[in-house]
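**Q** Pasting my_file05.cif here (mmCIF, C-alpha atoms):
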data_query
#
loop_
_atom_site.group_PDB
_atom_site.id
_atom_site.type_symbol
_atom_site.label_atom_id
_atom_site.label_comp_id
_atom_site.auth_asym_id
_atom_site.auth_seq_id
_atom_site.Cartn_x
_atom_site.Cartn_y
_atom_site.Cartn_z
ATOM 1 C CA MET A 1 52.936 10.087 -21.778
ATOM 2 C CA ALA A 2 51.111 8.132 -24.488
ATOM 3 C CA LEU A 3 48.382 7.253 -21.980
ATOM 4 C CA VAL A 4 47.650 10.874 -21.157
ATOM 5 C CA LEU A 5 47.917 11.822 -24.838
ATOM 6 C CA GLY A 6 45.322 9.208 -25.729
ATOM 7 C CA GLY A 7 43.245 10.237 -22.726
ATOM 8 C CA SER A 8 42.955 13.864 -23.769
ATOM 9 C CA VAL A 9 42.013 13.068 -27.376
ATOM 10 C CA ILE A 10 39.507 10.409 -26.276
ATOM 11 C CA GLY A 11 38.058 12.865 -23.758
ATOM 12 C CA SER A 12 37.436 15.481 -26.432
ATOM 13 C CA VAL A 13 35.770 12.865 -28.663
ATOM 14 C CA GLY A 14 33.676 11.807 -25.655
ATOM 15 C CA ALA A 15 32.491 15.380 -25.222
ATOM 16 C CA VAL A 16 31.383 15.432 -28.873
ATOM 17 C CA PHE A 17 29.288 12.290 -28.326
ATOM 18 C CA LEU A 18 27.836 13.715 -25.095
ATOM 19 C CA LYS A 19 26.799 16.867 -26.930
ATOM 20 C CA SER A 20 25.232 15.068 -29.899
ATOM 21 C CA GLY A 21 23.488 12.682 -27.495
ATOM 22 C CA ALA A 22 22.212 15.634 -25.465
ATOM 23 C CA LEU A 23 20.757 17.286 -28.553
ATOM 24 C CA VAL A 24 18.408 14.370 -29.302
ATOM 25 C CA LEU A 25 17.178 14.031 -25.699
ATOM 26 C CA ARG A 26 13.420 14.201 -25.090
ATOM 27 C CA ARG A 27 11.376 13.929 -21.933
ATOM 28 C CA THR A 28 10.967 10.172 -22.229
ATOM 29 C CA TRP A 29 12.887 7.387 -20.514
ATOM 30 C CA SER A 30 13.507 5.544 -23.771
ATOM 31 C CA SER A 31 15.246 8.556 -25.320
ATOM 32 C CA ILE A 32 17.628 8.541 -22.345
ATOM 33 C CA LEU A 33 18.140 4.776 -21.969
ATOM 34 C CA PHE A 34 18.468 3.864 -25.658
ATOM 35 C CA ASN A 35 20.601 6.851 -26.571
ATOM 36 C CA TRP A 36 23.729 5.171 -27.951
ATOM 37 C CA LYS A 37 25.535 8.477 -28.512
ATOM 38 C CA LEU A 38 25.089 9.392 -24.862
ATOM 39 C CA ALA A 39 26.293 5.932 -23.797
ATOM 40 C CA VAL A 40 29.380 6.165 -26.031
ATOM 41 C CA GLY A 41 30.015 9.657 -24.640
ATOM 42 C CA VAL A 42 29.823 8.523 -21.012
ATOM 43 C CA VAL A 43 32.042 5.462 -21.618
ATOM 44 C CA THR A 44 34.716 7.398 -23.561
ATOM 45 C CA TYR A 45 34.680 10.176 -20.991
ATOM 46 C CA LEU A 46 35.170 7.640 -18.181
ATOM 47 C CA LEU A 47 37.910 5.892 -20.177
ATOM 48 C CA SER A 48 39.737 9.172 -20.686
ATOM 49 C CA SER A 49 39.723 9.961 -16.961
ATOM 50 C CA VAL A 50 41.005 6.444 -16.151
ATOM 51 C CA LEU A 51 43.838 6.842 -18.716
ATOM 52 C CA TYR A 52 44.577 10.252 -17.278
ATOM 53 C CA VAL A 53 44.922 9.055 -13.717
ATOM 54 C CA LYS A 54 46.998 6.044 -14.826
ATOM 55 C CA GLY A 55 49.297 8.212 -16.940
ATOM 56 C CA LEU A 56 49.733 10.790 -14.208
ATOM 57 C CA SER A 57 50.519 8.206 -11.538
ATOM 58 C CA ASN A 58 53.182 6.655 -13.787
ATOM 59 C CA GLY A 59 54.742 9.795 -15.182
ATOM 60 C CA GLU A 60 55.189 13.244 -13.752
ATOM 61 C CA LEU A 61 52.802 16.146 -13.613
ATOM 62 C CA SER A 62 54.731 18.202 -16.194
ATOM 63 C CA VAL A 63 53.077 16.288 -19.041
ATOM 64 C CA LEU A 64 49.705 17.583 -17.817
ATOM 65 C CA PHE A 65 49.900 20.935 -19.562
ATOM 66 C CA PRO A 66 50.676 19.908 -23.170
ATOM 67 C CA MET A 67 48.102 17.129 -22.929
ATOM 68 C CA VAL A 68 45.322 19.312 -21.573
ATOM 69 C CA SER A 69 45.990 21.970 -24.202
ATOM 70 C CA LEU A 70 45.861 19.311 -26.919
ATOM 71 C CA GLY A 71 42.449 18.281 -25.575
ATOM 72 C CA TYR A 72 41.172 21.867 -25.852
ATOM 73 C CA VAL A 73 42.522 22.360 -29.367
ATOM 74 C CA CYS A 74 40.879 19.074 -30.438
ATOM 75 C CA THR A 75 37.570 20.104 -28.892
ATOM 76 C CA LEU A 76 37.586 23.470 -30.694
ATOM 77 C CA LEU A 77 38.302 21.624 -33.936
ATOM 78 C CA TRP A 78 35.534 19.049 -33.395
ATOM 79 C CA SER A 79 32.947 21.685 -32.431
ATOM 80 C CA ARG A 80 33.776 23.579 -35.626
ATOM 81 C CA LEU A 81 33.603 20.419 -37.750
ATOM 82 C CA PHE A 82 30.601 18.626 -36.246
ATOM 83 C CA PHE A 83 28.413 21.394 -34.801
ATOM 84 C CA ASN A 84 29.369 24.327 -37.069
ATOM 85 C CA GLU A 85 30.176 26.487 -34.073
ATOM 86 C CA LYS A 86 31.866 29.787 -34.784
ATOM 87 C CA LEU A 87 35.372 30.140 -33.435
ATOM 88 C CA THR A 88 35.409 33.741 -32.288
ATOM 89 C CA ARG A 89 38.194 35.847 -30.871
ATOM 90 C CA THR A 90 36.454 35.834 -27.491
ATOM 91 C CA LYS A 91 36.597 32.038 -27.384
ATOM 92 C CA PHE A 92 40.291 31.982 -28.303
ATOM 93 C CA ALA A 93 40.947 34.630 -25.629
ATOM 94 C CA GLY A 94 39.081 32.601 -22.989
ATOM 95 C CA VAL A 95 40.781 29.327 -23.891
ATOM 96 C CA GLY A 96 44.164 31.097 -24.056
ATOM 97 C CA LEU A 97 43.692 32.515 -20.554
ATOM 98 C CA ILE A 98 42.647 29.121 -19.188
ATOM 99 C CA LEU A 99 45.721 27.449 -20.735
ATOM 100 C CA LEU A 100 47.967 30.184 -19.325
ATOM 101 C CA GLY A 101 46.410 29.583 -15.908
ATOM 102 C CA ILE A 102 46.997 25.823 -16.106
ATOM 103 C CA LEU A 103 50.611 26.487 -17.170
ATOM 104 C CA CYS A 104 51.094 28.740 -14.115
ATOM 105 C CA MET A 105 49.535 26.100 -11.912
ATOM 106 C CA SER A 106 51.807 23.337 -13.210
ATOM 107 C CA PHE A 107 54.821 25.530 -12.323
ATOM 108 C CA GLY A 108 53.431 25.892 -8.814
ATOM 109 C CA ASN A 109 53.034 22.140 -8.419
ATOM 110 C CA ARG A 110 56.656 21.448 -9.324
ATOM 111 C CA MET B 111 3.037 41.616 -29.186
ATOM 112 C CA ARG B 112 5.226 42.603 -32.120
ATOM 113 C CA TYR B 113 2.999 41.152 -34.844
ATOM 114 C CA PRO B 114 0.926 44.311 -35.534
ATOM 115 C CA TYR B 115 4.043 46.207 -36.573
ATOM 116 C CA LEU B 116 5.226 43.461 -38.877
ATOM 117 C CA LEU B 117 1.748 43.132 -40.401
ATOM 118 C CA THR B 118 1.555 46.837 -41.153
ATOM 119 C CA LEU B 119 4.746 46.609 -43.162
ATOM 120 C CA PRO B 120 3.095 45.666 -46.525
ATOM 121 C CA TYR B 121 0.448 48.374 -46.138
ATOM 122 C CA CYS B 122 2.680 51.188 -45.099
ATOM 123 C CA ARG B 123 2.876 54.245 -47.312
ATOM 124 C CA GLY B 124 4.795 56.681 -45.207
ATOM 125 C CA SER B 125 8.498 56.152 -44.719
ATOM 126 C CA VAL B 126 8.132 56.558 -40.958
ATOM 127 C CA ASP B 127 5.794 53.561 -40.779
ATOM 128 C CA CYS B 128 8.128 51.413 -42.846
ATOM 129 C CA TYR B 129 11.008 52.456 -40.706
ATOM 130 C CA HIS B 130 9.003 51.527 -37.647
ATOM 131 C CA GLY B 131 8.178 48.100 -39.064
ATOM 132 C CA VAL B 132 11.789 47.360 -39.896
ATOM 133 C CA LEU B 133 12.860 48.680 -36.526
ATOM 134 C CA SER B 134 10.481 46.382 -34.644
ATOM 135 C CA SER B 135 11.616 43.338 -36.613
ATOM 136 C CA VAL B 136 15.191 44.214 -35.658
ATOM 137 C CA THR B 137 14.033 44.374 -32.041
ATOM 138 C CA VAL B 138 12.560 40.872 -32.378
ATOM 139 C CA LEU B 139 15.884 39.601 -33.713
ATOM 140 C CA SER B 140 17.880 41.098 -30.882
ATOM 141 C CA GLU B 141 15.373 39.696 -28.385
ATOM 142 C CA THR B 142 16.065 36.155 -29.601
ATOM 143 C CA SER B 143 19.809 36.725 -29.273
ATOM 144 C CA VAL B 144 19.210 37.991 -25.727
ATOM 145 C CA VAL B 145 17.403 34.710 -24.994
ATOM 146 C CA GLU B 146 20.343 32.805 -26.522
ATOM 147 C CA GLY B 147 22.781 34.776 -24.382
ATOM 148 C CA HIS B 148 20.697 34.094 -21.289
ATOM 149 C CA LYS B 149 20.621 30.363 -22.061
ATOM 150 C CA ARG B 150 24.361 30.338 -22.656
ATOM 151 C CA ARG B 151 25.101 32.080 -19.380
ATOM 152 C CA ARG B 152 22.815 29.662 -17.539
ATOM 153 C CA ALA B 153 24.587 26.718 -19.174
ATOM 154 C CA VAL B 154 27.964 28.140 -18.146
ATOM 155 C CA PHE B 155 26.710 28.530 -14.562
ATOM 156 C CA ILE B 156 25.508 24.916 -14.597
ATOM 157 C CA VAL B 157 28.952 23.764 -15.758
ATOM 158 C CA VAL B 158 30.586 25.871 -13.038
ATOM 159 C CA ALA B 159 28.400 24.036 -10.492
ATOM 160 C CA CYS B 160 29.360 20.814 -12.307
ATOM 161 C CA THR B 161 33.073 21.411 -11.790
ATOM 162 C CA LEU B 162 32.464 22.093 -8.084
ATOM 163 C CA ILE B 163 30.626 18.767 -7.812
ATOM 164 C CA GLY B 164 33.355 17.043 -9.834
ATOM 165 C CA ALA B 165 36.074 18.390 -7.538
ATOM 166 C CA LEU B 166 34.085 17.265 -4.503
ATOM 167 C CA ALA B 167 33.807 13.829 -6.140
ATOM 168 C CA GLN B 168 37.599 13.720 -6.569
ATOM 169 C CA VAL B 169 38.113 14.606 -2.907
ATOM 170 C CA PHE B 170 35.753 11.806 -1.823
ATOM 171 C CA ILE B 171 37.427 9.337 -4.204
ATOM 172 C CA LYS B 172 40.854 10.264 -2.853
ATOM 173 C CA LEU B 173 39.592 9.831 0.723
ATOM 174 C CA GLY B 174 37.925 6.527 -0.183
ATOM 175 C CA ALA B 175 40.896 5.172 -2.141
ATOM 176 C CA ALA B 176 42.927 5.269 1.087
ATOM 177 C CA HIS B 177 40.671 2.455 2.379
ATOM 178 C CA LEU B 178 41.433 0.240 -0.637
ATOM 179 C CA GLU B 179 43.886 -2.553 0.137
ATOM 180 C CA HIS B 180 44.705 -3.431 -3.483
ATOM 181 C CA PRO B 181 44.371 -0.584 -5.969
ATOM 182 C CA GLY B 182 43.286 -2.880 -8.822
ATOM 183 C CA LEU B 183 40.273 -2.491 -11.068
ATOM 184 C CA LEU B 184 38.219 -5.278 -9.432
ATOM 185 C CA ALA B 185 38.973 -4.097 -5.911
ATOM 186 C CA THR B 186 37.930 -0.579 -6.893
ATOM 187 C CA ALA B 187 34.707 -1.871 -8.465
ATOM 188 C CA ILE B 188 33.825 -3.724 -5.246
ATOM 189 C CA GLY B 189 35.029 -0.803 -3.127
ATOM 190 C CA ILE B 190 32.576 1.573 -4.797
ATOM 191 C CA PHE B 191 29.754 -0.364 -3.102
ATOM 192 C CA THR B 192 31.440 -1.207 0.204
ATOM 193 C CA ILE B 193 33.322 2.011 1.028
ATOM 194 C CA PRO B 194 30.874 4.883 1.690
ATOM 195 C CA THR B 195 33.242 7.715 0.725
ATOM 196 C CA LEU B 196 34.141 5.974 -2.549
ATOM 197 C CA PHE B 197 30.440 5.423 -3.263
ATOM 198 C CA ALA B 198 29.731 9.108 -2.554
ATOM 199 C CA GLY B 199 32.556 10.116 -4.903
ATOM 200 C CA TYR B 200 31.323 8.077 -7.855
ATOM 201 C CA PHE B 201 27.715 9.049 -7.145
ATOM 202 C CA LEU B 202 28.743 12.709 -7.393
ATOM 203 C CA TYR B 203 30.496 11.893 -10.671
ATOM 204 C CA GLY B 204 27.164 10.603 -11.938
ATOM 205 C CA ILE B 205 25.469 13.878 -11.018
ATOM 206 C CA PHE B 206 28.349 15.715 -12.720
ATOM 207 C CA THR B 207 27.671 13.858 -15.970
ATOM 208 C CA VAL B 208 23.904 14.417 -15.875
ATOM 209 C CA LEU B 209 24.327 18.163 -15.267
ATOM 210 C CA LEU B 210 26.954 18.405 -18.018
ATOM 211 C CA VAL B 211 24.643 16.744 -20.547
ATOM 212 C CA TYR B 212 21.812 19.066 -19.466
ATOM 213 C CA ALA B 213 24.024 22.120 -19.994
ATOM 214 C CA LEU B 214 25.347 20.886 -23.358
ATOM 215 C CA ARG B 215 21.810 21.059 -24.778
ATOM 216 C CA ASP B 216 21.728 24.839 -24.477
ATOM 217 C CA ALA B 217 25.221 26.051 -25.274
ATOM 218 C CA GLU B 218 28.111 25.493 -27.606
ATOM 219 C CA LEU B 219 30.637 22.781 -26.873
ATOM 220 C CA SER B 220 33.500 25.141 -27.696
ATOM 221 C CA ILE B 221 32.404 27.343 -24.773
ATOM 222 C CA LEU B 222 31.445 24.707 -22.209
ATOM 223 C CA TYR B 223 34.362 22.283 -22.628
ATOM 224 C CA PRO B 224 37.056 24.821 -21.631
ATOM 225 C CA VAL B 225 34.965 25.870 -18.613
ATOM 226 C CA ILE B 226 35.519 22.372 -17.170
ATOM 227 C CA ALA B 227 39.099 23.579 -16.510
ATOM 228 C CA LEU B 228 37.619 25.302 -13.464
ATOM 229 C CA SER B 229 37.818 21.927 -11.725
ATOM 230 C CA TYR B 230 41.611 22.452 -11.519
ATOM 231 C CA VAL B 231 40.869 25.573 -9.477
ATOM 232 C CA TRP B 232 38.568 23.742 -7.046
ATOM 233 C CA VAL B 233 40.946 20.782 -6.744
ATOM 234 C CA THR B 234 43.855 23.130 -5.982
ATOM 235 C CA LEU B 235 41.833 24.998 -3.351
ATOM 236 C CA ALA B 236 40.570 21.737 -1.861
ATOM 237 C CA SER B 237 44.036 20.180 -1.664
ATOM 238 C CA VAL B 238 45.265 23.267 0.184
ATOM 239 C CA ALA B 239 42.283 23.317 2.553
ATOM 240 C CA ILE B 240 41.791 19.568 3.148
ATOM 241 C CA PHE B 241 45.062 17.804 2.323
ATOM 242 C CA HIS B 242 47.280 20.664 3.598
ATOM 243 C CA GLU B 243 49.298 21.127 0.429
ATOM 244 C CA THR B 244 51.172 24.408 0.208
ATOM 245 C CA MET B 245 49.775 27.401 -1.654
ATOM 246 C CA ASN B 246 52.372 29.400 -3.594
ATOM 247 C CA LEU B 247 52.410 32.350 -5.977
ATOM 248 C CA PRO B 248 52.287 30.428 -9.301
ATOM 249 C CA LYS B 249 49.337 28.371 -8.062
ATOM 250 C CA ALA B 250 47.420 31.448 -6.883
ATOM 251 C CA LEU B 251 48.187 33.229 -10.161
ATOM 252 C CA GLY B 252 47.031 30.171 -12.114
ATOM 253 C CA VAL B 253 43.749 30.095 -10.171
ATOM 254 C CA ALA B 254 43.125 33.788 -10.885
ATOM 255 C CA ILE B 255 43.912 33.512 -14.617
ATOM 256 C CA ILE B 256 41.712 30.424 -15.097
ATOM 257 C CA VAL B 257 38.802 32.174 -13.363
ATOM 258 C CA LEU B 258 39.342 35.173 -15.665
ATOM 259 C CA GLY B 259 39.343 32.928 -18.744
ATOM 260 C CA VAL B 260 36.092 31.261 -17.667
ATOM 261 C CA ALA B 261 34.552 34.708 -17.101
ATOM 262 C CA VAL B 262 35.534 35.738 -20.642
ATOM 263 C CA LEU B 263 33.909 32.591 -22.069
ATOM 264 C CA GLY B 264 30.787 33.113 -19.961
ATOM 265 C CA ARG B 265 30.296 36.732 -21.030
ATOM 266 C CA GLY B 266 30.262 36.133 -24.738
ATOM 267 C CA GLY B 267 31.415 33.548 -27.183
ATOM 268 C CA THR B 268 28.964 34.136 -29.999
ATOM 269 C CA SER B 269 29.576 37.837 -30.575
#
What is this structure when it is put down as structure tokens?

**A**
Amino acid sequence: MALVLGGSVIGSVGAVFLKSGALVLRRTWSSILFNWKLAVGVVTYLLSSVLYVKGLSNGELSVLFPMVSLGYVCTLLWSRLFFNEKLTRTKFAGVGLILLGILCMSFGNR
Amino acid sequence: MRYPYLLTLPYCRGSVDCYHGVLSSVTVLSETSVVEGHKRRRAVFIVVACTLIGALAQVFIKLGAAHLEHPGLLATAIGIFTIPTLFAGYFLYGIFTVLLVYALRDAELSILYPVIALSYVWVTLASVAIFHETMNLPKALGVAIIVLGVAVLGRGGTS
């Protein structure tokens, strides 16, 4: 439970680093290789998927839904805070539908 | 192309000309937002392709993990280079990451991150097709609703 919880939060932070690393990319090798934000993003993203798989293999699949939704809520929050992205009704509708779909799916996997 | 209209704006005497100048500058504005929308849609399509690649990677990793004798971290690290299916899986994960970073340059994180949920759809379809898991109504409904949600995000998040 705690593993997957940590995994989803870490994953959303990883996405923030990936995005900020992507924004400073240029068409040179050095901007790709010495991009510490990108490196942190890749490592945290990997870490989150490892935690996820570990948590899921220990616990049951029913924890998947609350954890995934937490990850989405965190990501919306971070993108508002760090990138000044507007949180529109369309976005909430899209995310809501996706969460509803994942909820349905987790019932089907029971 | 649009410059002449904007340049005539200071010189215009008649109201029609002024109106025209303002109108054309509005057109320029909406053209940039069209470009933004186009970029966003392209980024969403790239992430959709990403999730397909990511799901394929998971299938390969699952197939490759069956060849692992000890499922530890070290054995997995060695297995990535000795087991072809495992190598293919992690290689595809690499491509997934590169494409994701490429897409993140052009669109908002709050749109692209939820789209990654589409990988649940591909994984569900793949586990039915390849690993012969059963398909039931809740699963099918979930697939349909997730696809709908991604379509909503792809059509417009900035409006």

**Q** With chain A as the partner and 8 Å as the cut-off, tabulate the residues of chain B that qualify, each row holding the nearest pair of atoms and their distance in Å to one decimal, using only C-alpha atoms, sorted by chain and rising number, as CSV.

**A**
residue,atom,partner,partner_atom,distance
B:Thr207,CA,A:Val42,CA,7.6
B:Val211,CA,A:Ala22,CA,5.6
B:Tyr212,CA,A:Ala22,CA,6.9
B:Leu214,CA,A:Lys19,CA,5.6
B:Arg215,CA,A:Leu23,CA,5.4
B:Glu218,CA,A:Glu85,CA,6.9
B:Leu219,CA,A:Ser79,CA,6.1
B:Ser220,CA,A:Leu76,CA,5.3
B:Ile221,CA,A:Lys91,CA,6.8
B:Tyr223,CA,A:Thr75,CA,7.4
B:Pro224,CA,A:Val95,CA,6.3
B:Ala227,CA,A:Ile98,CA,7.1
B:Tyr230,CA,A:Ile102,CA,7.8
B:Asn246,CA,A:Gly108,CA,6.4
B:Leu247,CA,A:Gly108,CA,7.1
B:Pro248,CA,A:Gly108,CA,4.7
B:Lys249,CA,A:Met105,CA,4.5
B:Ala250,CA,A:Met105,CA,7.6
B:Leu251,CA,A:Cys104,CA,6.7
B:Gly252,CA,A:Gly101,CA,3.9
B:Val253,CA,A:Gly101,CA,6.3
B:Ala254,CA,A:Gly101,CA,7.3
B:Ile255,CA,A:Gly101,CA,4.8
B:Ile256,CA,A:Ile98,CA,4.4
B:Val257,CA,A:Ile98,CA,7.6
B:Leu258,CA,A:Leu97,CA,7.1
B:Gly259,CA,A:Gly94,CA,4.3
B:Val260,CA,A:Gly94,CA,6.2
B:Ala261,CA,A:Gly94,CA,7.7
B:Val262,CA,A:Gly94,CA,5.3
B:Leu263,CA,A:Gly94,CA,5.3
B:Gly266,CA,A:Thr90,CA,6.8
B:Gly267,CA,A:Lys91,CA,5.4
B:Thr268,CA,A:Thr88,CA,6.9
B:Ser269,CA,A:Thr88,CA,7.3

**Q** Excluding Ile156 (chain B) and residues on its chain fewer than 2 positions from it, collect all residues at most 12 Å away from it, counting all atoms listed in the file, and give them as a list in words.

**A** Lys149, Arg150, Arg151, Arg152, Ala153, Val154, Val158, Ala159, Cys160, Thr161, Leu162, Ile163, Ile205, Phe206, Thr207, Val208, Leu209, Leu210, Val211, Tyr212, Ala213, Leu214, Arg215, Asp216, Ala217, Leu222, Val225, Ile226 and Gly264 of chain B

**Q** Find the distance between CA of Gly182 (chain B) and CA of Phe197 (chain B) and write it in Å to one decimal.

**A** 16.3 Å

**Q** To one decimal place, how far is CA of Leu235 (chain B) from CA of Ser48 (chain A) in Å?

**A**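 A separation of 23.6 Å between them.
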
**Q** To verify the selection step, state as an mmCIF file with C-alpha atoms, keeping the file's coordinate frame which residues the PyMOL selection byres ((chain B and resi 177) around 12) yields on this input.

**A**
data_model
loop_
_atom_site.group_PDB
_atom_site.id
_atom_site.type_symbol
_atom_site.label_atom_id
_atom_site.label_comp_id
_atom_site.auth_asym_id
_atom_site.auth_seq_id
_atom_site.Cartn_x
_atom_site.Cartn_y
_atom_site.Cartn_z
ATOM 1 C CA PHE B 170 35.753 11.806 -1.823
ATOM 2 C CA ILE B 171 37.427 9.337 -4.204
ATOM 3 C CA LYS B 172 40.854 10.264 -2.853
ATOM 4 C CA LEU B 173 39.592 9.831 0.723
ATOM 5 C CA GLY B 174 37.925 6.527 -0.183
ATOM 6 C CA ALA B 175 40.896 5.172 -2.141
ATOM 7 C CA ALA B 176 42.927 5.269 1.087
ATOM 8 C CA LEU B 178 41.433 0.240 -0.637
ATOM 9 C CA GLU B 179 43.886 -2.553 0.137
ATOM 10 C CA HIS B 180 44.705 -3.431 -3.483
ATOM 11 C CA PRO B 181 44.371 -0.584 -5.969
ATOM 12 C CA ALA B 185 38.973 -4.097 -5.911
ATOM 13 C CA THR B 186 37.930 -0.579 -6.893
ATOM 14 C CA ILE B 188 33.825 -3.724 -5.246
ATOM 15 C CA GLY B 189 35.029 -0.803 -3.127
ATOM 16 C CA ILE B 190 32.576 1.573 -4.797
ATOM 17 C CA THR B 192 31.440 -1.207 0.204
ATOM 18 C CA ILE B 193 33.322 2.011 1.028
ATOM 19 C CA PRO B 194 30.874 4.883 1.690
ATOM 20 C CA THR B 195 33.242 7.715 0.725
ATOM 21 C CA LEU B 196 34.141 5.974 -2.549
#

**Q** Could you work out how far CA of Gln168 (chain B) lies from CA of Tyr200 (chain B), giving the answer in Å with one decimal?

**A**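 CA of Gln168 (chain B) lies at a distance of 8.5 Å from CA of Tyr200 (chain B).
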